[in-house]
Amino acid sequence: MQRTTMNVINRKIDQDIITELNTATNDTGAATTASLRLALQAKTILGRNKVPFDGNIWALITPDFEGWLLQVKEFASADYVSGKPVESGATAWADKQGYYRWLGVNWIVHPELPGAGTVAEKCFMYHKNAIGHAVDVSGMSTMVGYDEEQDYSFARASVFMGSKLLQNSGVVVINHDGTGFPAS
């Protein structure tokens, strides 16, 4: 139960950060389907903005964006991608980060980006230092208990936190048409 309440907080952190990333003003123009060109366009915008390529560039993409990228041979091939989210062998079920590393960018698939599944998806490429998130960890409250009178168990978690876009030049909004894969 306590893990479930912490998952709620983690989803709220994700949403706060995504909301702030969505305020960035650098974008890739009209929405198109994901391609090598679109990925390179976003990366080029960061480069022109003098964002350092120091291993801290991240891309948040929708499942539809990932579906298109998996059709790009340079993305789908193990020769070009490291940090694969699905590995085989003894570490296949290890609790680890789920991201791809391609073009010097860490690619995370997130199903709750703005406009997901529509013609107006908003994906993001950004430097880690361009976005800030703070949590009052000393004030975090995670309570677990049992109420005998009402005969129920409970878990509660609360925390004060906030996110802020720190460097607009370090974020690119990737406008994506996510309607290419019909929902089942």
# chains A, B, ... in the order shown; residues from 1 in each chain; ligands from 1
>>> select_by_dssp(residues="stretch 99-162 of chain A", states="strand (DSSP E or B)", output="MDAnalysis selection string")
chainID A and resid 100:102 105:109 121:127 131:135 141:147 152:158 161:162
>>> closest_atom_pairs(of="stretch 61-153 of chain A", to="stretch 27-36 of chain A", cutoff="7 Å", atoms="only C-alpha atoms", output="JSON lines")
{"residue": "A:Phe65", "atom": "CA", "partner": "A:Ala34", "partner_atom": "CA", "distance": 5.5}
{"residue": "A:Trp68", "atom": "CA", "partner": "A:Ala34", "partner_atom": "CA", "distance": 5.5}
{"residue": "A:Leu69", "atom": "CA", "partner": "A:Ser35", "partner_atom": "CA", "distance": 6.1}
{"residue": "A:Val72", "atom": "CA", "partner": "A:Leu36", "partner_atom": "CA", "distance": 6.8}
{"residue": "A:Ala120", "atom": "CA", "partner": "A:Ala31", "partner_atom": "CA", "distance": 6.5}
>>> write_last_selection(atoms="N, CA and C atoms", output="PDB file, in the first residue's frame")
ATOM      1  N   PHE A  65       5.388   7.822 -30.927  1.00  0.00           N
ATOM      2  CA  PHE A  65       6.685   8.307 -31.400  1.00  0.00           C
ATOM      3  C   PHE A  65       7.688   7.150 -31.407  1.00  0.00           C
ATOM      4  N   TRP A  68       7.190   4.785 -34.356  1.00  0.00           N
ATOM      5  CA  TRP A  68       7.805   5.271 -35.597  1.00  0.00           C
ATOM      6  C   TRP A  68       9.319   5.125 -35.544  1.00  0.00           C
ATOM      7  N   LEU A  69       9.917   5.455 -34.402  1.00  0.00           N
ATOM      8  CA  LEU A  69      11.382   5.340 -34.303  1.00  0.00           C
ATOM      9  C   LEU A  69      11.858   3.902 -34.460  1.00  0.00           C
ATOM     10  N   VAL A  72      12.985   3.049 -37.776  1.00  0.00           N
ATOM     11  CA  VAL A  72      14.230   3.659 -38.257  1.00  0.00           C
ATOM     12  C   VAL A  72      15.361   2.692 -37.928  1.00  0.00           C
ATOM     13  N   ALA A 120      -1.640  16.169 -32.378  1.00  0.00           N
ATOM     14  CA  ALA A 120      -0.904  17.259 -31.731  1.00  0.00           C
ATOM     15  C   ALA A 120      -0.151  16.789 -30.485  1.00  0.00           C
TER      16      ALA A 120
END
>>> closest_residue(among="A:Ser158, A:Val172, A:Gly132, A:Leu21", to="A:Ile45", atoms="only C-alpha atoms")
A:Val172
>>> residues_around(residues="A:Thr179", least_positions_apart="6", cutoff="7 Å", atoms="only C-alpha atoms", output="ChimeraX atom specification")
/A:117-119
>>> write_last_selection(atoms="N, CA and C atoms", output="short mmCIF file (atom, residue, chain, number, x, y, z; two decimals), in the first residue's frame")
data_model
loop_
_atom_site.label_atom_id
_atom_site.label_comp_id
_atom_site.auth_asym_id
_atom_site.auth_seq_id
_atom_site.Cartn_x
_atom_site.Cartn_y
_atom_site.Cartn_z
N GLY A 117 -1.44 10.35 -28.56
CA GLY A 117 -2.38 9.64 -29.41
C GLY A 117 -3.16 10.51 -30.37
N THR A 118 -2.84 11.80 -30.43
CA THR A 118 -3.55 12.72 -31.31
C THR A 118 -2.60 13.27 -32.37
N VAL A 119 -3.14 14.11 -33.22
CA VAL A 119 -2.34 14.77 -34.25
C VAL A 119 -1.43 15.85 -33.65
#
>>> residues_around(residues="stretch 164-171 of chain A", least_positions_apart="6", cutoff="12 Å", atoms="only C-alpha atoms", output="MDAnalysis selection string")
chainID A and resid 13 15:28 42:53 56:60 123:134
>>> select_by_dssp(residues="stretch 3-82 of chain A", states="helix (DSSP H, G or I)", output="PyMOL selection string")
chain A and resi 3-21+36-48+63-69+73-76
>>> residues_around(residues="stretch 135-148 of chain A", least_positions_apart="4", cutoff="7 Å", atoms="only C-alpha atoms", output="ChimeraX atom specification")
/A:2,152-162
>>> write_last_selection(atoms="N, CA and C atoms", output="PDB file, in the first residue's frame")
ATOM      1  N   GLN A   2       1.956   1.217   0.771  1.00  0.00           N
ATOM      2  CA  GLN A   2       2.819   2.391   0.826  1.00  0.00           C
ATOM      3  C   GLN A   2       3.479   2.634  -0.530  1.00  0.00           C
ATOM      4  N   TYR A 152     -10.244  -1.069   8.650  1.00  0.00           N
ATOM      5  CA  TYR A 152      -9.561  -0.907   7.363  1.00  0.00           C
ATOM      6  C   TYR A 152      -8.108  -0.508   7.600  1.00  0.00           C
ATOM      7  N   SER A 153      -7.294  -0.860   6.656  1.00  0.00           N
ATOM      8  CA  SER A 153      -5.892  -0.456   6.653  1.00  0.00           C
ATOM      9  C   SER A 153      -5.752   0.757   5.753  1.00  0.00           C
ATOM     10  N   PHE A 154      -4.733   1.559   6.010  1.00  0.00           N
ATOM     11  CA  PHE A 154      -4.532   2.729   5.166  1.00  0.00           C
ATOM     12  C   PHE A 154      -3.046   3.008   4.987  1.00  0.00           C
ATOM     13  N   ALA A 155      -2.750   3.674   3.905  1.00  0.00           N
ATOM     14  CA  ALA A 155      -1.411   4.198   3.629  1.00  0.00           C
ATOM     15  C   ALA A 155      -1.611   5.583   3.034  1.00  0.00           C
ATOM     16  N   ARG A 156      -0.816   6.522   3.518  1.00  0.00           N
ATOM     17  CA  ARG A 156      -0.946   7.904   3.060  1.00  0.00           C
ATOM     18  C   ARG A 156       0.444   8.473   2.878  1.00  0.00           C
ATOM     19  N   ALA A 157       0.629   9.220   1.808  1.00  0.00           N
ATOM     20  CA  ALA A 157       1.904   9.895   1.567  1.00  0.00           C
ATOM     21  C   ALA A 157       1.620  11.324   1.125  1.00  0.00           C
ATOM     22  N   SER A 158       2.350  12.257   1.699  1.00  0.00           N
ATOM     23  CA  SER A 158       2.212  13.651   1.275  1.00  0.00           C
ATOM     24  C   SER A 158       3.580  14.316   1.309  1.00  0.00           C
ATOM     25  N   VAL A 159       3.736  15.298   0.439  1.00  0.00           N
ATOM     26  CA  VAL A 159       5.018  15.978   0.314  1.00  0.00           C
ATOM     27  C   VAL A 159       4.793  17.333  -0.355  1.00  0.00           C
ATOM     28  N   PHE A 160       5.627  18.294  -0.010  1.00  0.00           N
ATOM     29  CA  PHE A 160       5.632  19.584  -0.686  1.00  0.00           C
ATOM     30  C   PHE A 160       6.708  19.530  -1.756  1.00  0.00           C
ATOM     31  N   MET A 161       6.337  19.926  -2.991  1.00  0.00           N
ATOM     32  CA  MET A 161       7.284  19.857  -4.101  1.00  0.00           C
ATOM     33  C   MET A 161       6.883  20.849  -5.178  1.00  0.00           C
ATOM     34  N   GLY A 162       7.806  21.071  -6.119  1.00  0.00           N
ATOM     35  CA  GLY A 162       7.508  21.959  -7.235  1.00  0.00           C
ATOM     36  C   GLY A 162       8.527  21.816  -8.344  1.00  0.00           C
TER      37      GLY A 162
END
>>> closest_residue(among="A:Ile108, A:Asn175, A:Ala116, A:Arg101", to="A:Ala76", atoms="only C-alpha atoms")
A:Arg101
>>> atom_distance(atom1="atom CA of A:Arg11", atom2="atom CA of A:Gly98")
15.4 Å
>>> atom_distance(atom1="atom CA of A:Thr62", atom2="atom CA of A:Ile174")
10.7 Å
>>> closest_residue(among="A:Pro114, A:Gln150, A:Ile9, A:Gly104", to="A:Val81", atoms="only C-alpha atoms")
A:Gly104
>>> atom_distance(atom1="atom CA of A:Leu38", atom2="atom CA of A:Gly67")
14.0 Å
